[in-house]
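Undergrad: Once you've had a glance at the structure underneath, I'll fire off some questions.
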Amino acid sequence: MPELTLEGMRVTARPGTTVLAALQNAGLSPLRFSLGGESRGALCGMGSCAECRAVVDGLTVRTCLTPVRDGQDVRRLLEVSRED
Ligand code: FES
């Protein structure tokens with residue numbers, strides 16, 4: 001079972017699931033904030049909307065398309081989005 005770090009918290013995820021699923025299962029919501037300060041989260045779940053963006057191992061990715069891997073470091077865009 002892959003073990004990842006979500007916002008500094010170690011979690012175990014099911015193999016074959018996405019980073020988005022791991023974030024949601026951990027209750028980490030919202031994923032980010034809009035420029036206007038509104039909370040944002042996954043919308044389409046299939047890679048079209050980009051609302052599920054987060055930083056995985058230093059790169060901004062669409063988490064609904066990103067499979068979990070052992071050792072990943074995942075951080076939401078909460079602080080970065082507010083500074084945009
Ligand atoms: S939820 Fe829409 S791109 Fe991931």
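Quick note on naming: the chains in the structure tokens go A, B, ... in the order shown, residues restart at 1 in each chain, and ligands are numbered from 1 in order of appearance.
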Taking only C-alpha atoms and all ligand atoms into account, which residues have an atom no farther than 7 Å from ligand 1? I'd like them as number ranges by chain.
TA: A: 42-53, 62-65
Undergrad: Report as a list of chain:residue names: the residues of chain A with a DSSP assignment of alpha helix (DSSP H), based on the backbone of this structure.
TA: A:Val19, A:Leu20, A:Ala21, A:Ala22, A:Leu23, A:Gln24, A:Asn25, A:Leu78, A:Glu79, A:Val80, A:Ser81, A:Arg82, A:Glu83
Undergrad: Write the residues of the selection above to a file with N, CA and C atoms, as a compact mmCIF listing (two decimals), in the first residue's frame.
TA:
```
# COMPACT_ATOMS: atom_id res chain seq x y z
N VAL A 19 -4.40 10.80 -6.24
CA VAL A 19 -4.06 11.72 -5.16
C VAL A 19 -5.32 12.45 -4.70
N LEU A 20 -6.19 12.78 -5.63
CA LEU A 20 -7.45 13.43 -5.25
C LEU A 20 -8.23 12.56 -4.27
N ALA A 21 -8.34 11.28 -4.55
CA ALA A 21 -9.06 10.38 -3.64
C ALA A 21 -8.39 10.35 -2.28
N ALA A 22 -7.07 10.35 -2.25
CA ALA A 22 -6.36 10.34 -0.97
C ALA A 22 -6.65 11.62 -0.19
N LEU A 23 -6.65 12.76 -0.88
CA LEU A 23 -6.97 14.04 -0.22
C LEU A 23 -8.39 14.03 0.32
N GLN A 24 -9.31 13.56 -0.49
CA GLN A 24 -10.71 13.55 -0.05
C GLN A 24 -10.92 12.57 1.10
N ASN A 25 -10.29 11.41 1.02
CA ASN A 25 -10.43 10.43 2.10
C ASN A 25 -9.85 10.95 3.41
N LEU A 78 -3.40 26.33 -0.95
CA LEU A 78 -4.12 27.31 -0.16
C LEU A 78 -3.37 28.64 -0.04
N GLU A 79 -2.13 28.60 0.32
CA GLU A 79 -1.37 29.83 0.53
C GLU A 79 -0.98 30.46 -0.81
N VAL A 80 -0.56 29.64 -1.77
CA VAL A 80 -0.11 30.15 -3.06
C VAL A 80 -1.25 30.87 -3.77
N SER A 81 -2.45 30.27 -3.76
CA SER A 81 -3.58 30.85 -4.48
C SER A 81 -3.96 32.22 -3.93
N ARG A 82 -3.84 32.38 -2.61
CA ARG A 82 -4.22 33.65 -2.00
C ARG A 82 -3.28 34.77 -2.40
N GLU A 83 -2.05 34.44 -2.76
CA GLU A 83 -1.08 35.45 -3.13
C GLU A 83 -1.15 35.81 -4.61
```
Undergrad: Any idea what's packed within 9 Å of Asp57 in chain A, counting only C-alpha atoms, ignoring anything in its chain fewer than 3 positions away? Could you give it as a PyMOL selection string?
TA: chain A and resi 60+72-75
Undergrad: Okay, now the selection with N, CA and C atoms, as a PDB file, in the first residue's frame?
TA:
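Dumped to selection.pdb:
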```pdb
ATOM      1  N   THR A  60       2.957  21.334  -9.691  1.00  0.00           N
ATOM      2  CA  THR A  60       1.513  21.513  -9.657  1.00  0.00           C
ATOM      3  C   THR A  60       0.878  20.564 -10.659  1.00  0.00           C
ATOM      4  N   GLN A  72       5.099  10.061  -1.966  1.00  0.00           N
ATOM      5  CA  GLN A  72       4.718  11.369  -2.496  1.00  0.00           C
ATOM      6  C   GLN A  72       4.511  12.377  -1.364  1.00  0.00           C
ATOM      7  N   ASP A  73       4.856  13.619  -1.660  1.00  0.00           N
ATOM      8  CA  ASP A  73       4.594  14.734  -0.749  1.00  0.00           C
ATOM      9  C   ASP A  73       3.551  15.623  -1.417  1.00  0.00           C
ATOM     10  N   VAL A  74       2.383  15.772  -0.785  1.00  0.00           N
ATOM     11  CA  VAL A  74       1.259  16.487  -1.392  1.00  0.00           C
ATOM     12  C   VAL A  74       0.894  17.693  -0.538  1.00  0.00           C
ATOM     13  N   ARG A  75       0.778  18.820  -1.198  1.00  0.00           N
ATOM     14  CA  ARG A  75       0.379  20.048  -0.499  1.00  0.00           C
ATOM     15  C   ARG A  75      -0.684  20.763  -1.320  1.00  0.00           C
TER      16      ARG A  75
END
```
Undergrad: Residues near Ser39 in chain A, anyone? I mean within 7 Å using only C-alpha atoms, not counting same-chain ones fewer than 6 positions away, as a PDB file with C-alpha atoms, in the first residue's frame.
TA:
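See selection_5.pdb below for the written result:
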```pdb
ATOM      1  CA  PRO A  30     -10.907  22.865   0.207  1.00  0.00           C
ATOM      2  CA  ARG A  32      -7.419  25.867  -2.827  1.00  0.00           C
ATOM      3  CA  PHE A  33      -9.045  29.300  -2.893  1.00  0.00           C
TER       4      PHE A  33
END
```
Undergrad: Counting only C-alpha atoms, what is within 12 Å of Arg14 in chain A, bar same-chain residues fewer than 2 positions away, as a list in words?
TA: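 Selected residues are Met1, Pro2, Glu3, Leu4, Val11, Thr12, Gly16, Thr17, Thr18, Val19, Ala21, Ala22, Asn25, Pro67, Val68, Arg69 and Asp70 of chain A.
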Undergrad: Keeping only N, CA, C and O atoms, write the selected residues to a file as an mmCIF file, in the first residue's frame.
TA:
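Printed below is again_8.cif as written:
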```
data_model
loop_
_atom_site.group_PDB
_atom_site.id
_atom_site.type_symbol
_atom_site.label_atom_id
_atom_site.label_comp_id
_atom_site.auth_asym_id
_atom_site.auth_seq_id
_atom_site.Cartn_x
_atom_site.Cartn_y
_atom_site.Cartn_z
ATOM 1 N N MET A 1 0.839 -1.196 0.000
ATOM 2 C CA MET A 1 0.000 0.000 0.000
ATOM 3 C C MET A 1 0.880 1.255 0.000
ATOM 4 O O MET A 1 1.741 1.395 0.864
ATOM 5 N N PRO A 2 0.651 2.166 -0.928
ATOM 6 C CA PRO A 2 1.439 3.395 -0.976
ATOM 7 C C PRO A 2 1.205 4.260 0.266
ATOM 8 O O PRO A 2 0.081 4.411 0.716
ATOM 9 N N GLU A 3 2.279 4.826 0.773
ATOM 10 C CA GLU A 3 2.197 5.782 1.885
ATOM 11 C C GLU A 3 2.620 7.134 1.359
ATOM 12 O O GLU A 3 3.688 7.279 0.767
ATOM 13 N N LEU A 4 1.772 8.149 1.558
ATOM 14 C CA LEU A 4 2.119 9.494 1.129
ATOM 15 C C LEU A 4 1.996 10.462 2.284
ATOM 16 O O LEU A 4 1.443 10.123 3.329
ATOM 17 N N VAL A 11 -0.304 9.185 5.385
ATOM 18 C CA VAL A 11 -1.524 8.407 5.153
ATOM 19 C C VAL A 11 -1.202 7.241 4.223
ATOM 20 O O VAL A 11 -0.271 7.302 3.423
ATOM 21 N N THR A 12 -1.978 6.208 4.352
ATOM 22 C CA THR A 12 -1.867 5.056 3.472
ATOM 23 C C THR A 12 -3.022 5.117 2.485
ATOM 24 O O THR A 12 -4.156 5.398 2.861
ATOM 25 N N GLY A 16 -3.549 2.167 -6.943
ATOM 26 C CA GLY A 16 -4.402 2.384 -8.108
ATOM 27 C C GLY A 16 -5.370 3.536 -7.965
ATOM 28 O O GLY A 16 -6.093 3.854 -8.907
ATOM 29 N N THR A 17 -5.403 4.187 -6.791
ATOM 30 C CA THR A 17 -6.286 5.339 -6.634
ATOM 31 C C THR A 17 -5.518 6.617 -6.954
ATOM 32 O O THR A 17 -4.321 6.596 -7.209
ATOM 33 N N THR A 18 -6.222 7.733 -6.918
ATOM 34 C CA THR A 18 -5.603 9.015 -7.272
ATOM 35 C C THR A 18 -5.244 9.815 -6.024
ATOM 36 O O THR A 18 -5.768 9.569 -4.926
ATOM 37 N N VAL A 19 -4.397 10.799 -6.242
ATOM 38 C CA VAL A 19 -4.060 11.719 -5.159
ATOM 39 C C VAL A 19 -5.317 12.454 -4.704
ATOM 40 O O VAL A 19 -5.511 12.693 -3.512
ATOM 41 N N ALA A 21 -8.339 11.283 -4.548
ATOM 42 C CA ALA A 21 -9.061 10.377 -3.644
ATOM 43 C C ALA A 21 -8.394 10.350 -2.275
ATOM 44 O O ALA A 21 -9.084 10.359 -1.246
ATOM 45 N N ALA A 22 -7.072 10.350 -2.252
ATOM 46 C CA ALA A 22 -6.364 10.341 -0.967
ATOM 47 C C ALA A 22 -6.653 11.624 -0.189
ATOM 48 O O ALA A 22 -6.881 11.588 1.025
ATOM 49 N N ASN A 25 -10.287 11.409 1.020
ATOM 50 C CA ASN A 25 -10.430 10.432 2.103
ATOM 51 C C ASN A 25 -9.847 10.951 3.412
ATOM 52 O O ASN A 25 -10.298 10.558 4.490
ATOM 53 N N PRO A 67 -1.911 9.297 -10.153
ATOM 54 C CA PRO A 67 -1.992 8.109 -9.312
ATOM 55 C C PRO A 67 -1.144 8.254 -8.053
ATOM 56 O O PRO A 67 -0.124 8.944 -8.069
ATOM 57 N N VAL A 68 -1.577 7.635 -6.988
ATOM 58 C CA VAL A 68 -0.782 7.647 -5.766
ATOM 59 C C VAL A 68 0.466 6.796 -5.965
ATOM 60 O O VAL A 68 0.446 5.797 -6.678
ATOM 61 N N ARG A 69 1.543 7.259 -5.369
ATOM 62 C CA ARG A 69 2.809 6.510 -5.366
ATOM 63 C C ARG A 69 3.399 6.614 -3.977
ATOM 64 O O ARG A 69 3.224 7.626 -3.285
ATOM 65 N N ASP A 70 4.110 5.592 -3.598
ATOM 66 C CA ASP A 70 4.745 5.583 -2.292
ATOM 67 C C ASP A 70 5.723 6.749 -2.177
ATOM 68 O O ASP A 70 6.488 7.016 -3.102
#
```
Undergrad: CA of Gly71 in chain A and CA of Gly41 in chain A are how many Å apart?
TA: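 Separating CA of Gly71 in chain A from CA of Gly41 in chain A is a distance of 23.5 Å.
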Undergrad: May I have all residues of range 27-76 of chain A that DSSP, computed from the backbone, assigns to strand (DSSP E or B), given as a list in words?
TA: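 Everything in range 27-76 of chain A that counts as strand (DSSP E or B) is Arg32, Phe33, Ser39, Arg40, Arg53, Ala54, Val55, Val56, Leu59, Thr60, Val61, Arg62, Pro67, Asp73, Val74 and Arg75 of chain A.
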Undergrad: Could you state the separation of CA of Ser29 in chain A and CA of Arg76 in chain A in Å, given to one decimal place?
TA: 8.9 Å
Undergrad: In Å, how far is it from CA of Pro15 in chain A to CA of Val55 in chain A?
TA: 19.7 Å
Undergrad: Measuring between only C-alpha atoms, which one of A:Ala54, A:Leu77, A:Val61, A:Leu6 shows the shortest distance to Gly27 in chain A?
TA: A:Leu6
